[in-house]
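To keep things clear, I will list the structure first and then write my remarks on it.
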Amino acid sequence: MTERIHDKLGIPIEAMTFHKLGLDIIKQNDGCRPEIADENILFQFVHDFFENKLLQHPDLVQNLIEYFAYFIDIPQDMEKYKSLGECYEDEKKSDLETLKSKYEREQYIREAGEEKAKQYTTLNNEIVKSLEETKIANFLFLHGVNYEYEKLYPYESDDPMRKSYRPDFYLSDYDIYLEHFGVTKEFKVPWLSKVEEKKYLDGIKWKRDFHKENNTKLIETYSYYNSEGILLKKLYEILQENNVSLKQPNFTDIFNTVYDTKSNKYFSEFIKLCCTFITLFKSNNYKTEQIKGIKRAYLKRENNLFLQKRTSIFLDIIQTILSEYQKHLLENHTIDFSDMINNAAGKIAAGLYIHPYKHVIVDEYQDISKSRFNLLKAIADKTEAKFFCVGDDWQSIYRFAGSDISLFTDFEKYFGNTKVLRIEKTYRNSQQLINEASRFILQNPLQLKKNLHSDKNLSYPLVFWGYNSSPKKALQSMINKIISDYGTNASILLLGRTNYDIEIAKETGLFRCSYEDKRERLSYIPVPELKLDFLSVHKSKGLEADNVILLNFKNDKLGFPSQIADDRVLDLVLTNTENYKFAEERRLFYVAITRTKNRTYILTDNKNPSTFLKEFTESPSVCFISLKTAQNNNQTKCPHCKTGDLLEVEHNGTSFIGCSNFPKCKYTLRNISVLHNPIKCPLCGGFLVKRKNKNGHWFIGCTNYPYCAYTEPI
């Protein structure tokens, strides 16, 4: 910037970083510059702390285990869903494997080795049906209560419609069965149709009666416990009332077995979340002792017990880490970047002389943090300078580094009377891509409106390419298509939401991996001369390639959007809460798809696509290849969950209809004809099929009989 201003404008001024500005101010006041820690010091310290010093803090170990067992996911209130399928879709992002399963698998791997453990892993992972059941299973495991999930009930029913009863949990040491029923406090099931609700409630009554008939003990929990935030509290009380002994587990053993930071990518991402929180916390010039006040204020305004406990545990974790971090800086006689900027702002506010600037130009203003803003504000208050800030709020993606977008979007609120100028001409992307990217980013009404335009035109610049099991074939087809269109000299940039996504490419066997300048490099084995690189989306900002391939476009905790990075605990340290779901992840996706000069190809998991996919439809700008979408899917929907597809299933030589959402949805029908000629019942929404009465006469009847008695003559 200094060179450009000198060369093009002939003005002899110096452009400087915030880092240099802050240091110069402190040196002017103190006579010497402070020792500033490396910019990655926080992440390095926290990572090292968890690796080497965590076990010195047993309370922290317990907090971490409980946070991952109960609080990493926030179960939604079932009453907010219009259908059971909506809940299934929402929970696809969640890890439904129980802590007991993870612990036993890791133990087995230690003893048997990874190769022998592969078959065990495939056969024995305990995946439960819902987040609520995951929390129940983890509670039992962490309190030393032996259980079996969906163990076959030892008694058979005479009712031909009630075979193979499997209660949710069997507490083997106490001969107690635990069922978790998905009902509201009024004992309703509003996310089901009326007839399916009646079936479900009748099923609860049947289970209760069946236990009484066989003199077995049944205890119950309900979904409304979760919506009220009291599921764990009520479970504790119920177990105590039934004389189930609850023990304290060996948290250190569980942590070392399950959450080893070298192998658990979820835990590594949690470390990043902690670093983001601390960076934002320090950028606000908060001190460690203020965490207790933040906690008190939060607990006062939040009534949900689950969220109270979740946030309280997280802040306890942060307080321990932050205390140790500040101690580390003190012992090494250093301060970090946030401390330095805060100190500089404080010295100006306290009266330190500052050059009487008339104009201050700030570049990349969308990345402004609260501490940097405070420094600018101190300069403005002292000099009355006019500020000219350049940036793109659509590309504000550095919250983890302290960026606070409200300081950009609410600029006038902080600096007074403001004129907004828009740079709307772009040279990299085609107009068709810009149209789609702009429409997508502006779904968030808090983003500033712009009308971008380009002289470039290209059909289908955005390509969603689906795969079912392995991404290898789809990824190879993408690369071959790019080579066919642009030749081997065209550059390809593989993008991942996180650095872990490089594993998706490596596991296909299409690439050779090498290490260069502390970075993993990939080469495409079939065409080694192809110009190809891998970066995370964050690292790619400001860069471009001829074509881009985005990996890991799936609905997953570490997919795109990332569930961990968007955690609501960050609201506690942001200037203004972004009340729009996945606001920063949306901006990050915008950055990803606009790195290309030509096309962006998006590798899409057909079984579990990103929630962002539903916002795109086929058009002259968007192409779907091998993609299963609502637009091209004419299969009959399941009347129970409403989102699953009805499929023909064969088991033990018998064919019947099942739901694609199995095992979550266990809807079945014996009449295969429904798949070929689905006729809905006008009364209940079931299906009309040929039936025979007791006298041998055929008629048209409803599959929901006896809950629905609708008939028609043939």
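Just remember, in the structure tokens the first chain shown is A, the second B, etc., residues are 1-based per chain, and ligands are 1-based in the order shown.
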Might you pull out every residue within 12 Å of A:Asp159, with only C-alpha atoms counted and same-chain residues fewer than 4 positions away left off, and present them as a ChimeraX atom specification? /A:155,163-165,206,210
Please save C-alpha atoms of the selected residues as a PDB file, in the first residue's frame.
```
ATOM      1  CA  TYR A 155     -41.770 -62.087  26.487  1.00  0.00           C
ATOM      2  CA  LYS A 163     -43.896 -58.647  17.709  1.00  0.00           C
ATOM      3  CA  SER A 164     -40.221 -58.086  18.635  1.00  0.00           C
ATOM      4  CA  TYR A 165     -40.625 -55.471  21.357  1.00  0.00           C
ATOM      5  CA  TRP A 206     -49.651 -51.141  25.120  1.00  0.00           C
ATOM      6  CA  PHE A 210     -47.402 -55.361  28.595  1.00  0.00           C
TER       7      PHE A 210
END
```
Using the chain letters and numbers from this document, which residues of stretch 395-630 of chain A does DSSP assign to strand (DSSP E or B), as number ranges by chain? A: 403, 425, 453, 462-467, 492-496, 511-516, 519-524, 532-536, 545, 547-554, 596, 600-605, 609, 622-625
Can I get the residues of stretch 489-560 of chain A within 12 Å of stretch 84-102 of chain A, each with the closest pair of atoms and their distance in Å to one decimal, using only C-alpha atoms, sorted chain first then ascending number, as a tab-separated table?
```
residue	atom	partner	partner_atom	distance
A:Phe553	CA	A:Lys93	CA	11.8
A:Lys554	CA	A:Lys93	CA	8.4
A:Asn555	CA	A:Lys93	CA	5.0
A:Asp556	CA	A:Lys93	CA	3.7
A:Lys557	CA	A:Lys93	CA	5.1
A:Leu558	CA	A:Lys93	CA	8.2
A:Gly559	CA	A:Lys93	CA	7.9
A:Phe560	CA	A:Lys93	CA	9.9
```
Could you tell me which of A:Asp485, A:Glu648, A:Leu421, A:Val569 comes closest to A:Ile318 if we count only C-alpha atoms?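 Checking each of A:Asp485, A:Glu648, A:Leu421, A:Val569 against A:Ile318, counting only C-alpha atoms, the winner is A:Val569.
For the pair atom CA of A:Lys607 and atom CA of A:Ala474, the separation is 14.3 Å.
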Please return as number ranges by chain: the residues of stretch 190-344 of chain A that backbone DSSP assigns to helix (DSSP H, G or I). A: 194-213, 223-227, 231-241, 251-258, 265-283, 288-301, 305-331, 337-344
Non-local contacts of A:Ser477 (12 Å; only C-alpha atoms; under 3 positions in same chain excluded) as a VMD selection string: chain A and resid 465 to 467 471 to 474 480 to 484 510 549 601 603 625 to 626
Counting only C-alpha atoms, the residue of A:Ala583, A:Val649, A:Ala490, A:Ile109 that sits nearest A:Asp566: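 Under the stated criterion, the closest residue is A:Ala583.
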Find the residue from A:Phe68, A:Ser157, A:Ala344, A:Leu407 that sits nearest to A:Thr577; use only C-alpha atoms when measuring.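 Of A:Phe68, A:Ser157, A:Ala344, A:Leu407, the one nearest A:Thr577 is A:Leu407, counting only C-alpha atoms.
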Smallest atom-to-atom distance to A:Tyr170: which of A:Glu150, A:Asp410, A:Glu237, A:Asp501, using only C-alpha atoms? A:Glu150
Using only C-alpha atoms, which of A:Glu615, A:Asp381, A:Asp605, A:Glu132 sits nearest A:Leu627?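 Checking each of A:Glu615, A:Asp381, A:Asp605, A:Glu132 against A:Leu627, counting only C-alpha atoms, the winner is A:Asp605.
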Could you list, as a ChimeraX atom specification, every residue within 8 Å of A:Ser396, counting only C-alpha atoms and ignoring same-chain residues fewer than 4 positions away? /A:366-367,392,403,405,584,587-588
